[in-house]
$ cat work.txt   # compact mmCIF, C-alpha atoms
# COMPACT_ATOMS: atom_id res chain seq x y z
CA MET A 1 19.77 -30.08 -7.11
CA ILE A 2 17.63 -29.63 -3.99
CA GLU A 3 13.87 -29.79 -4.59
CA PHE A 4 12.16 -26.67 -3.18
CA ALA A 5 9.09 -28.69 -2.17
CA ALA A 6 11.28 -31.15 -0.26
CA LEU A 7 12.57 -28.44 2.09
CA PRO A 8 10.91 -27.89 5.51
CA THR A 9 8.02 -25.40 5.29
CA ALA A 10 9.80 -22.87 7.53
CA VAL A 11 12.79 -22.89 5.16
CA GLN A 12 10.46 -22.55 2.14
CA ALA A 13 8.70 -19.58 3.77
CA ALA A 14 12.04 -17.95 4.69
CA LEU A 15 13.27 -18.45 1.10
CA VAL A 16 10.13 -16.77 -0.27
CA VAL A 17 10.65 -13.78 2.06
CA GLY A 18 14.35 -13.65 1.12
CA LEU A 19 13.52 -13.81 -2.59
CA VAL A 20 11.02 -10.94 -2.31
CA LEU A 21 13.59 -8.92 -0.30
CA LEU A 22 16.27 -9.46 -2.96
CA GLU A 23 13.83 -8.65 -5.76
CA ALA A 24 12.80 -5.42 -4.02
CA ILE A 25 16.40 -4.29 -3.38
CA GLY A 26 17.41 -5.23 -6.93
CA LEU A 27 14.46 -3.35 -8.42
CA TYR A 28 15.10 -0.30 -6.19
CA LEU A 29 18.75 -0.12 -7.24
CA GLY A 30 18.11 -1.07 -10.87
CA TYR A 31 15.32 1.41 -11.47
CA GLY A 32 17.28 4.02 -9.50
CA ALA A 33 20.24 3.69 -11.86
CA LEU A 34 17.89 3.69 -14.85
CA GLU A 35 16.13 6.83 -13.58
CA GLN A 36 19.42 8.71 -13.23
CA ARG A 37 20.35 7.78 -16.78
CA ILE A 38 17.12 8.28 -18.66
CA ALA A 39 15.05 10.77 -16.61
CA PRO A 40 16.85 13.95 -17.85
CA PRO A 41 16.62 13.06 -21.59
CA VAL A 42 12.98 11.92 -21.18
CA LEU A 43 12.05 15.22 -19.44
CA ASN A 44 13.86 17.17 -22.18
CA ALA A 45 12.03 15.19 -24.85
CA ILE A 46 8.66 16.00 -23.23
CA ARG A 47 9.57 19.69 -22.90
CA ASN A 48 10.59 19.90 -26.55
CA ALA A 49 7.74 17.79 -27.94
CA MET B 1 5.35 -20.64 -22.21
CA ALA B 2 4.77 -20.10 -18.50
CA VAL B 3 7.41 -18.27 -16.43
CA LEU B 4 7.10 -18.68 -12.64
CA GLY B 5 3.71 -20.28 -13.31
CA LEU B 6 2.32 -17.27 -15.21
CA SER B 7 1.39 -17.14 -18.90
CA PRO B 8 2.69 -14.16 -20.95
CA GLU B 9 -0.82 -12.61 -20.82
CA LEU B 10 -0.86 -12.78 -17.02
CA TRP B 11 2.65 -11.29 -16.87
CA VAL B 12 1.47 -8.31 -18.93
CA LEU B 13 -1.63 -7.97 -16.76
CA PHE B 14 0.20 -8.15 -13.42
CA VAL B 15 3.17 -5.97 -14.46
CA GLY B 16 0.69 -3.40 -15.84
CA PHE B 17 -1.49 -3.55 -12.76
CA GLY B 18 1.61 -3.39 -10.54
CA PHE B 19 2.69 -0.26 -12.43
CA MET B 20 -0.64 1.43 -11.68
CA VAL B 21 -0.52 0.39 -8.02
CA GLY B 22 3.08 1.70 -7.84
CA VAL B 23 2.07 5.07 -9.32
CA PHE B 24 -0.62 5.42 -6.62
CA PHE B 25 1.80 4.39 -3.91
CA GLY B 26 4.49 6.80 -5.12
CA PHE B 27 2.03 9.66 -5.62
CA PHE B 28 -0.40 9.31 -2.71
CA GLY B 29 1.82 7.29 -0.33
CA MET B 30 -0.93 4.70 -0.12
CA GLY B 31 -3.39 2.81 -2.27
CA GLY B 32 -1.13 -0.04 -3.22
CA SER B 33 -2.01 -3.11 -1.32
CA PHE B 34 -5.73 -2.66 -0.82
CA LEU B 35 -6.28 -2.98 -4.57
CA VAL B 36 -4.23 -6.18 -4.96
CA THR B 37 -6.23 -8.64 -2.83
CA PRO B 38 -9.62 -7.71 -4.39
CA THR B 39 -8.14 -7.98 -7.89
CA LEU B 40 -6.76 -11.44 -7.16
CA LEU B 41 -10.13 -12.44 -5.66
CA ILE B 42 -11.93 -11.23 -8.80
CA LEU B 43 -9.45 -13.22 -10.92
CA GLY B 44 -10.49 -16.34 -9.03
CA TYR B 45 -7.55 -16.85 -6.67
CA PRO B 46 -8.54 -18.44 -3.32
CA ALA B 47 -8.70 -15.94 -0.43
CA SER B 48 -5.62 -17.37 1.31
CA VAL B 49 -3.52 -17.16 -1.90
CA ALA B 50 -4.80 -13.63 -2.65
CA ILE B 51 -4.03 -12.42 0.89
CA GLY B 52 -0.71 -14.27 1.23
CA SER B 53 0.56 -13.01 -2.14
CA SER B 54 -0.64 -9.50 -1.33
CA MET B 55 1.27 -9.63 1.98
CA ALA B 56 4.46 -10.63 0.15
CA PHE B 57 3.85 -7.78 -2.32
CA VAL B 58 3.34 -5.38 0.63
CA PHE B 59 6.69 -6.52 2.00
CA GLY B 60 8.51 -5.84 -1.30
CA THR B 61 6.83 -2.45 -1.78
CA ALA B 62 7.55 -1.46 1.82
CA VAL B 63 11.23 -2.42 1.46
CA ILE B 64 11.50 -0.07 -1.53
CA ALA B 65 9.55 2.74 0.21
CA THR B 66 11.55 2.42 3.44
CA LEU B 67 14.85 2.52 1.52
CA LYS B 68 13.66 5.78 -0.01
CA HIS B 69 12.50 7.27 3.31
CA ASN B 70 15.68 6.11 5.04
CA ASP B 71 17.62 8.52 2.80
CA ILE B 72 15.87 11.44 4.48
CA GLY B 73 16.12 9.96 7.98
CA GLN B 74 12.46 10.07 9.07
CA VAL B 75 12.00 6.56 10.40
CA ASP B 76 11.80 5.79 14.13
CA TYR B 77 13.31 2.29 14.00
CA LYS B 78 13.10 1.91 17.78
CA LEU B 79 9.32 2.43 17.80
CA GLY B 80 8.98 0.15 14.77
CA GLY B 81 10.94 -2.54 16.61
CA LEU B 82 8.81 -2.14 19.75
CA MET B 83 5.64 -2.71 17.70
CA PHE B 84 7.03 -5.98 16.35
CA ALA B 85 5.53 -8.34 18.98
CA GLY B 86 2.06 -6.82 18.53
CA ILE B 87 2.38 -7.07 14.75
CA VAL B 88 3.33 -10.77 14.92
CA LEU B 89 0.41 -11.65 17.21
CA GLY B 90 -2.04 -9.53 15.22
CA ILE B 91 -1.10 -11.01 11.86
CA GLU B 92 -1.25 -14.52 13.25
CA ALA B 93 -4.77 -13.81 14.58
CA GLY B 94 -5.83 -12.36 11.19
CA LYS B 95 -4.43 -15.37 9.36
CA MET B 96 -6.18 -17.81 11.70
CA LEU B 97 -9.42 -15.98 10.97
CA VAL B 98 -8.88 -16.36 7.19
CA PHE B 99 -8.08 -20.08 7.42
CA GLY B 100 -10.97 -20.62 9.84
CA LEU B 101 -13.36 -18.98 7.39
CA GLU B 102 -11.80 -20.94 4.52
CA ALA B 103 -12.52 -24.18 6.39
CA LEU B 104 -16.15 -23.05 6.60
CA GLY B 105 -16.12 -22.15 2.89
CA ARG B 106 -16.87 -18.50 3.68
CA ALA B 107 -13.43 -16.80 3.33
CA GLU B 108 -13.97 -15.22 -0.13
CA LEU B 109 -17.39 -13.91 0.88
CA VAL B 110 -16.33 -12.39 4.22
CA VAL B 111 -13.05 -10.95 2.89
CA GLY B 112 -14.95 -9.61 -0.15
CA ILE B 113 -17.54 -7.87 2.04
CA ALA B 114 -14.78 -6.48 4.27
CA TYR B 115 -13.15 -5.01 1.15
CA ILE B 116 -16.42 -3.54 -0.13
CA LEU B 117 -16.77 -1.65 3.17
CA LEU B 118 -13.08 -0.73 3.44
CA LEU B 119 -12.75 0.60 -0.11
CA ALA B 120 -16.05 2.48 0.16
CA ALA B 121 -15.00 4.06 3.48
CA ILE B 122 -11.55 5.16 2.26
CA GLY B 123 -13.04 6.28 -1.09
CA LEU B 124 -15.62 8.42 0.71
CA VAL B 125 -12.95 10.00 2.94
CA PHE B 126 -10.77 10.86 -0.08
CA THR B 127 -13.69 12.19 -2.15
CA ARG B 128 -15.07 14.24 0.74
CA ASN B 129 -11.64 15.68 1.57
CA ALA B 130 -11.03 16.53 -2.10
CA LEU B 131 -14.39 18.33 -2.36
CA ARG B 132 -13.86 20.14 0.95
CA GLN B 133 -10.33 21.14 -0.12
CA THR B 134 -11.68 22.62 -3.34
CA ASN B 135 -14.28 24.67 -1.44
CA GLU B 136 -11.82 25.91 1.17
CA ASP B 137 -8.94 26.44 -1.24
CA ASP B 138 -9.21 30.22 -1.47
CA ALA B 139 -10.34 30.75 2.08
CA THR B 140 -7.26 29.36 3.85
CA GLY B 141 -3.81 30.84 4.16
CA GLU B 142 -0.45 29.28 4.94
CA SER B 143 -0.43 27.01 7.95
CA ASP B 144 2.00 28.08 10.65
CA SER B 145 1.66 24.93 12.76
CA ASP B 146 4.76 23.36 14.26
CA PRO B 147 5.70 20.19 12.33
CA ASN B 148 6.84 18.60 15.60
CA ASP B 149 3.51 19.27 17.31
CA ILE B 150 1.33 16.30 18.26
CA PRO B 151 -2.48 16.15 18.59
CA GLU B 152 -4.32 16.77 21.88
CA LEU B 153 -5.48 13.13 21.98
CA ALA B 154 -1.87 11.91 21.94
CA LYS B 155 -0.93 14.40 24.67
CA THR B 156 -3.79 13.11 26.84
CA ILE B 157 -2.79 9.47 26.30
CA LYS B 158 0.86 10.30 27.05
CA SER B 159 -0.19 12.00 30.29
CA TYR B 160 -1.19 8.59 31.70
CA ASP B 161 1.78 6.71 33.08
CA ILE B 162 0.96 3.05 32.35
CA PRO B 163 4.11 0.95 32.91
CA PRO B 164 6.19 -0.26 31.25
CA MET B 165 7.00 3.17 29.75
CA VAL B 166 9.65 3.44 27.02
CA THR B 167 11.60 6.41 25.67
CA LEU B 168 11.23 6.93 21.91
CA THR B 169 13.89 8.25 19.52
CA ASP B 170 12.56 11.84 19.76
CA GLY B 171 12.96 11.72 23.56
CA SER B 172 9.23 11.46 24.35
CA ARG B 173 7.82 8.56 26.39
CA ALA B 174 4.98 6.15 25.58
CA SER B 175 3.41 3.12 27.22
CA MET B 176 4.34 -0.29 25.78
CA TRP B 177 0.62 -1.15 26.04
CA VAL B 178 -0.32 1.58 23.58
CA ILE B 179 2.54 0.67 21.23
CA SER B 180 1.67 -3.05 21.32
CA GLY B 181 -2.03 -2.25 20.95
CA VAL B 182 -1.37 -0.22 17.79
CA GLY B 183 0.94 -2.93 16.40
CA GLY B 184 -1.50 -5.73 17.24
CA GLY B 185 -4.66 -3.95 16.06
CA VAL B 186 -3.20 -3.03 12.69
CA GLY B 187 -1.61 -6.50 12.49
CA VAL B 188 -5.04 -8.16 12.66
CA VAL B 189 -6.29 -5.98 9.78
CA SER B 190 -3.09 -6.71 7.78
CA GLY B 191 -3.25 -10.45 8.37
CA PHE B 192 -6.96 -10.64 7.58
CA LEU B 193 -7.02 -8.46 4.45
CA GLY B 194 -3.46 -8.75 3.14
CA VAL B 195 -2.82 -5.01 3.34
CA GLY B 196 0.13 -2.99 4.66
CA GLY B 197 -2.28 -1.13 6.91
CA GLY B 198 -0.58 2.25 6.51
CA PHE B 199 -3.96 3.95 6.21
CA ILE B 200 -4.67 2.94 9.84
CA ARG B 201 -1.14 2.64 11.27
CA MET B 202 0.04 6.12 10.28
CA PRO B 203 -2.92 7.93 11.97
CA ALA B 204 -2.63 5.55 14.96
CA ILE B 205 1.08 6.33 15.42
CA TYR B 206 0.33 10.06 15.15
CA TYR B 207 -2.88 10.26 17.20
CA LEU B 208 -2.34 7.48 19.78
CA ILE B 209 1.43 7.14 20.26
CA GLY B 210 2.10 10.84 19.59
CA VAL B 211 4.95 10.73 17.07
CA PRO B 212 5.28 13.92 14.93
CA LEU B 213 3.68 13.59 11.48
CA ALA B 214 6.81 13.34 9.28
CA ALA B 215 8.33 10.61 11.47
CA ALA B 216 4.92 8.89 11.74
CA VAL B 217 4.80 8.47 7.94
CA GLY B 218 8.28 6.92 7.76
CA THR B 219 7.74 4.76 10.86
CA SER B 220 4.42 3.54 9.48
CA LEU B 221 6.23 2.45 6.32
CA PHE B 222 8.74 0.56 8.45
CA GLY B 223 5.76 -1.03 10.25
CA ALA B 224 4.37 -2.05 6.85
CA LEU B 225 7.74 -3.63 6.08
CA MET B 226 7.60 -5.71 9.25
CA SER B 227 3.91 -6.58 8.70
CA GLY B 228 4.73 -7.64 5.16
CA ALA B 229 7.72 -9.75 6.24
CA VAL B 230 5.82 -11.43 9.09
CA GLY B 231 2.70 -11.90 6.96
CA ALA B 232 4.64 -13.28 3.99
CA PHE B 233 6.50 -15.71 6.28
CA SER B 234 3.32 -16.74 8.07
CA TYR B 235 1.32 -17.31 4.86
CA GLY B 236 4.48 -18.82 3.30
CA LEU B 237 4.40 -21.50 6.01
CA SER B 238 1.03 -22.55 4.56
CA GLY B 239 2.48 -22.54 1.02
CA VAL B 240 -0.13 -20.14 -0.34
CA ILE B 241 2.10 -17.40 -1.82
CA ASP B 242 2.18 -17.21 -5.63
CA VAL B 243 5.77 -16.07 -6.27
CA GLY B 244 5.05 -15.40 -9.96
CA VAL B 245 2.22 -12.99 -9.13
CA VAL B 246 4.32 -11.22 -6.49
CA THR B 247 7.34 -10.88 -8.82
CA ALA B 248 5.27 -9.53 -11.73
CA LEU B 249 3.49 -7.04 -9.47
CA LEU B 250 6.80 -5.86 -7.98
CA VAL B 251 8.45 -5.39 -11.39
CA GLY B 252 5.60 -3.07 -12.35
CA SER B 253 5.12 -1.32 -9.00
CA ALA B 254 8.80 -0.51 -8.37
CA PHE B 255 8.83 1.34 -11.70
CA GLY B 256 5.42 2.93 -11.16
CA ALA B 257 6.41 4.13 -7.69
CA ARG B 258 9.31 6.10 -9.17
CA ILE B 259 7.02 7.70 -11.76
CA GLY B 260 4.39 8.45 -9.07
CA SER B 261 6.98 9.83 -6.68
CA ALA B 262 8.53 12.02 -9.41
CA SER B 263 5.04 13.24 -10.39
CA THR B 264 4.47 14.73 -6.93
CA ALA B 265 7.06 17.36 -7.85
CA TYR B 266 4.97 18.50 -10.85
CA VAL B 267 1.35 17.60 -10.17
CA ASP B 268 -0.83 19.28 -7.56
CA GLU B 269 -2.28 16.42 -5.47
CA GLU B 270 -5.59 18.30 -5.19
CA ASP B 271 -6.08 17.98 -8.97
CA VAL B 272 -6.23 14.19 -8.84
CA THR B 273 -7.30 13.27 -5.30
CA ILE B 274 -10.97 13.32 -6.24
CA TYR B 275 -10.32 10.82 -9.07
CA PHE B 276 -8.49 8.57 -6.62
CA GLY B 277 -11.46 8.73 -4.23
CA ILE B 278 -13.90 7.92 -7.03
CA MET B 279 -11.65 5.06 -8.16
CA LEU B 280 -11.79 3.55 -4.66
CA LEU B 281 -15.59 3.85 -4.67
CA LEU B 282 -15.69 2.13 -8.07
CA ALA B 283 -13.33 -0.55 -6.74
CA SER B 284 -15.80 -1.15 -3.92
CA VAL B 285 -18.61 -1.54 -6.48
CA ALA B 286 -16.34 -3.84 -8.53
CA VAL B 287 -15.78 -6.17 -5.55
CA ALA B 288 -19.54 -6.13 -4.91
CA PHE B 289 -20.12 -7.21 -8.53
CA GLY B 290 -17.52 -9.95 -8.02
CA GLU B 291 -19.42 -11.23 -4.99
CA LEU B 292 -22.73 -11.05 -6.87
CA ALA B 293 -21.16 -12.98 -9.77
CA THR B 294 -20.43 -15.88 -7.42
CA TRP B 295 -23.77 -15.59 -5.66
CA LEU B 296 -25.89 -15.40 -8.81
CA GLU B 297 -23.54 -17.68 -10.81
CA ALA B 298 -23.33 -14.97 -13.49
CA PRO B 299 -19.79 -14.88 -14.99
CA ILE B 300 -20.64 -11.70 -16.92
CA LEU B 301 -20.66 -9.80 -13.62
CA ASP B 302 -17.13 -11.06 -12.98
CA ARG B 303 -16.03 -9.43 -16.23
CA VAL B 304 -17.85 -6.20 -15.41
CA SER B 305 -16.16 -6.26 -12.01
CA PHE B 306 -12.70 -6.79 -13.54
CA VAL B 307 -13.14 -4.08 -16.20
CA LEU B 308 -14.41 -1.63 -13.58
CA LEU B 309 -11.47 -2.22 -11.25
CA ILE B 310 -8.70 -2.18 -13.86
CA GLY B 311 -10.40 0.54 -15.94
CA SER B 312 -10.79 2.97 -13.03
CA ALA B 313 -7.21 2.34 -11.88
CA ALA B 314 -5.94 2.93 -15.44
CA PHE B 315 -7.95 6.15 -15.70
CA VAL B 316 -6.42 7.61 -12.52
CA THR B 317 -2.91 6.54 -13.61
CA VAL B 318 -3.35 8.20 -17.02
CA THR B 319 -4.73 11.33 -15.31
CA ILE B 320 -1.62 11.61 -13.09
CA LEU B 321 0.67 11.07 -16.09
CA TYR B 322 -1.32 13.59 -18.15
CA TYR B 323 -1.07 16.33 -15.50
CA GLY B 324 2.63 15.50 -15.01
CA THR B 325 3.43 15.68 -18.72
CA LYS B 326 1.41 18.89 -19.06
CA ALA B 327 3.31 20.51 -16.19
CA VAL B 328 6.68 19.51 -17.68
CA ARG B 329 5.66 20.88 -21.09
CA GLU B 330 4.56 24.15 -19.56
CA GLY B 331 8.04 24.38 -18.07
CA ARG B 332 6.95 24.18 -14.45
CA ASP B 333 10.14 23.47 -12.54
CA ALA B 334 10.29 20.60 -10.12
CA PRO B 335 11.40 21.55 -6.63
CA ALA B 336 14.51 19.77 -5.34
CA VAL B 337 13.58 16.33 -4.09
CA GLY B 338 15.49 13.87 -1.94

$ encode --input "work.txt" --output "structure tokens"
Amino acid sequence: MIEFAALPTAVQAALVVGLVLLEAIGLYLGYGALEQRIAPPVLNAIRNA
Amino acid sequence: MAVLGLSPELWVLFVGFGFMVGVFFGFFGMGGSFLVTPTLLILGYPASVAIGSSMAFVFGTAVIATLKHNDIGQVDYKLGGLMFAGIVLGIEAGKMLVFGLEALGRAELVVGIAYILLLAAIGLVFTRNALRQTNEDDATGESDSDPNDIPELAKTIKSYDIPPMVTLTDGSRASMWVISGVGGGVGVVSGFLGVGGGFIRMPAIYYLIGVPLAAAVGTSLFGALMSGAVGAFSYGLSGVIDVGVVTALLVGSAFGARIGSASTAYVDEEDVTIYFGIMLLLASVAVAFGELATWLEAPILDRVSFVLLIGSAAFVTVTILYYGTKAVREGRDAPAVG
């Protein structure tokens, strides 16, 4: 396995940016799918509470 | 057990804080990043780590916001791309300033004071606008202004032909000097404070470059994306980004942004703007307490500072959620949103 700290600093910095990009896209899509599934029942539950 | 270098308590704290920041971002379209750096400073992170991590967080938040705005097609990618060189140079200058101050042992103090002034200024603007809005509420009718209109200042600037001139997506022309100046100026602020800079970039794009308001908002977000990417890479080169902090904040903020964004369909912004303004003023006081804690070597002030910052942010979040829930219960229908 390649040690992260052993990589050149430019590669480390690019990996950090890439990781944040992937996290953001994953969270956008993941929460988007979750919202479509649970938003209507949650709104109904609040209306009927 | 630490995950990505964070204890479970810190995960809860950062995910929770990220959620609040996300709600503000989704609801007000701003307010995210300029709370993160001061919070990290109060928690004892070095200025470079606080700013670098905040820049990476700005990048992640801006990616999510731009993806959302892209759906409704209000981003001038060409203008965003043209600002890139200015952004790179500006952020690099801001970062050099931070590391220069850090070498002198003055980075936390100077960045802290800059935040006290910044938060107080933005807080005052929000509070004043909220109070003015309340007073004028009944006196004003519907605005019939053209959404594609641009301010007089922008028209004056555009009337000067300073080469090289470029044609923007909407067909209007602007000088590369103005575009680079806006990119570079906001870049310095971003690189120095670890903020997206939307609160300066958006008005600058509207008033100085002369892009219509709706496109200025989306293009400013795209600018924040580039600032975040460049800033994260630049600070990443110095190895000062805490990936655990950034990840925890993003997990919370991506969720909070959806709640905040959905709340705009139910909650009247005027009802909560004043609380947001007061929260920013309290945040300014909190950072001042944090600085005093270091100066007077009184850790109790650090705790007061932390409670003030998190407490005021939590209060505004709960207020937005309360008004949203109340509106849903009263059966107020949400207008169709994109």

$ closest_atom_pairs --input "work.txt" --of "chain B" --to "chain A" --cutoff "10 Å" --atoms "all atoms listed in the file" --output "tab-separated table"
residue	atom	partner	partner_atom	distance
B:Ala56	CA	A:Val20	CA	7.0
B:Phe57	CA	A:Val20	CA	7.8
B:Val58	CA	A:Val20	CA	9.9
B:Phe59	CA	A:Val20	CA	7.5
B:Gly60	CA	A:Ala24	CA	5.1
B:Thr61	CA	A:Ala24	CA	7.0
B:Ala62	CA	A:Ala24	CA	8.8
B:Val63	CA	A:Ala24	CA	6.4
B:Ile64	CA	A:Tyr28	CA	5.9
B:Ala65	CA	A:Tyr28	CA	9.0
B:Leu67	CA	A:Tyr28	CA	8.2
B:Lys68	CA	A:Tyr28	CA	8.8
B:Gly228	CA	A:Val17	CA	9.1
B:Ala229	CA	A:Val17	CA	6.5
B:Val230	CA	A:Val17	CA	8.8
B:Gly231	CA	A:Val17	CA	9.5
B:Ala232	CA	A:Val17	CA	6.3
B:Phe233	CA	A:Ala13	CA	5.1
B:Ser234	CA	A:Ala13	CA	7.4
B:Tyr235	CA	A:Ala13	CA	7.8
B:Gly236	CA	A:Ala13	CA	4.3
B:Leu237	CA	A:Ala13	CA	5.2
B:Ser238	CA	A:Thr9	CA	7.6
B:Gly239	CA	A:Ala13	CA	7.4
B:Val240	CA	A:Ala13	CA	9.8
B:Ile241	CA	A:Val16	CA	8.2
B:Asp242	CA	A:Val16	CA	9.6
B:Val243	CA	A:Val16	CA	7.4
B:Val246	CA	A:Val20	CA	7.9
B:Thr247	CA	A:Val20	CA	7.5
B:Leu250	CA	A:Ala24	CA	7.2
B:Val251	CA	A:Leu27	CA	7.0
B:Gly252	CA	A:Leu27	CA	9.7
B:Ser253	CA	A:Leu27	CA	9.6
B:Ala254	CA	A:Leu27	CA	6.3
B:Phe255	CA	A:Tyr31	CA	6.5
B:Ala257	CA	A:Tyr28	CA	9.9
B:Arg258	CA	A:Tyr31	CA	8.0
B:Ile259	CA	A:Glu35	CA	9.3
B:Ala262	CA	A:Ala39	CA	9.8
B:Thr325	CA	A:Ile46	CA	6.9
B:Lys326	CA	A:Ile46	CA	8.8
B:Ala327	CA	A:Arg47	CA	9.2
B:Val328	CA	A:Arg47	CA	6.0
B:Arg329	CA	A:Arg47	CA	4.5
B:Glu330	CA	A:Arg47	CA	7.5
B:Gly331	CA	A:Arg47	CA	6.9
B:Arg332	CA	A:Arg47	CA	9.9

$ residues_near_point --input "work.txt" --point "(-14.2, -7.5, -6.1)" --cutoff "12 Å" --atoms "only C-alpha atoms" --output "ChimeraX atom specification"
/B:34-45,47,50,108-120,280-294,301-310

$ closest_residue --input "work.txt" --among "B:Ser172, B:Ser54, B:Thr127, B:Ser220" --to "B:Tyr275" --atoms "all atoms listed in the file"
B:Thr127

$ residues_around --input "work.txt" --residues "B:Gly187" --least-positions-apart "3" --cutoff "12 Å" --atoms "only C-alpha atoms" --output "compact mmCIF listing (two decimals) with C-alpha atoms, in the frame of the given file"
# COMPACT_ATOMS: atom_id res chain seq x y z
CA MET B 55 1.27 -9.63 1.98
CA MET B 83 5.64 -2.71 17.70
CA PHE B 84 7.03 -5.98 16.35
CA ALA B 85 5.53 -8.34 18.98
CA GLY B 86 2.06 -6.82 18.53
CA ILE B 87 2.38 -7.07 14.75
CA VAL B 88 3.33 -10.77 14.92
CA LEU B 89 0.41 -11.65 17.21
CA GLY B 90 -2.04 -9.53 15.22
CA ILE B 91 -1.10 -11.01 11.86
CA GLU B 92 -1.25 -14.52 13.25
CA ALA B 93 -4.77 -13.81 14.58
CA GLY B 94 -5.83 -12.36 11.19
CA LYS B 95 -4.43 -15.37 9.36
CA SER B 180 1.67 -3.05 21.32
CA GLY B 181 -2.03 -2.25 20.95
CA VAL B 182 -1.37 -0.22 17.79
CA GLY B 183 0.94 -2.93 16.40
CA GLY B 184 -1.50 -5.73 17.24
CA SER B 190 -3.09 -6.71 7.78
CA GLY B 191 -3.25 -10.45 8.37
CA PHE B 192 -6.96 -10.64 7.58
CA LEU B 193 -7.02 -8.46 4.45
CA GLY B 194 -3.46 -8.75 3.14
CA VAL B 195 -2.82 -5.01 3.34
CA GLY B 196 0.13 -2.99 4.66
CA GLY B 197 -2.28 -1.13 6.91
CA GLY B 198 -0.58 2.25 6.51
CA ILE B 200 -4.67 2.94 9.84
CA ARG B 201 -1.14 2.64 11.27
CA GLY B 223 5.76 -1.03 10.25
CA ALA B 224 4.37 -2.05 6.85
CA LEU B 225 7.74 -3.63 6.08
CA MET B 226 7.60 -5.71 9.25
CA SER B 227 3.91 -6.58 8.70
CA GLY B 228 4.73 -7.64 5.16
CA ALA B 229 7.72 -9.75 6.24
CA VAL B 230 5.82 -11.43 9.09
CA GLY B 231 2.70 -11.90 6.96

$ closest_residue --input "work.txt" --among "B:Leu124, B:Ile320, B:Leu208, B:Ala103" --to "B:Ala154" --atoms "all atoms listed in the file"
B:Leu208

$ atom_distance --input "work.txt" --atom1 "atom CA of B:Leu153" --atom2 "atom CA of B:Ile209"
9.3 Å

$ atom_distance --input "work.txt" --atom1 "atom CA of A:Glu3" --atom2 "atom CA of B:Glu9"
27.8 Å

$ atom_distance --input "work.txt" --atom1 "atom CA of B:Ser53" --atom2 "atom CA of B:Val98"
13.7 Å
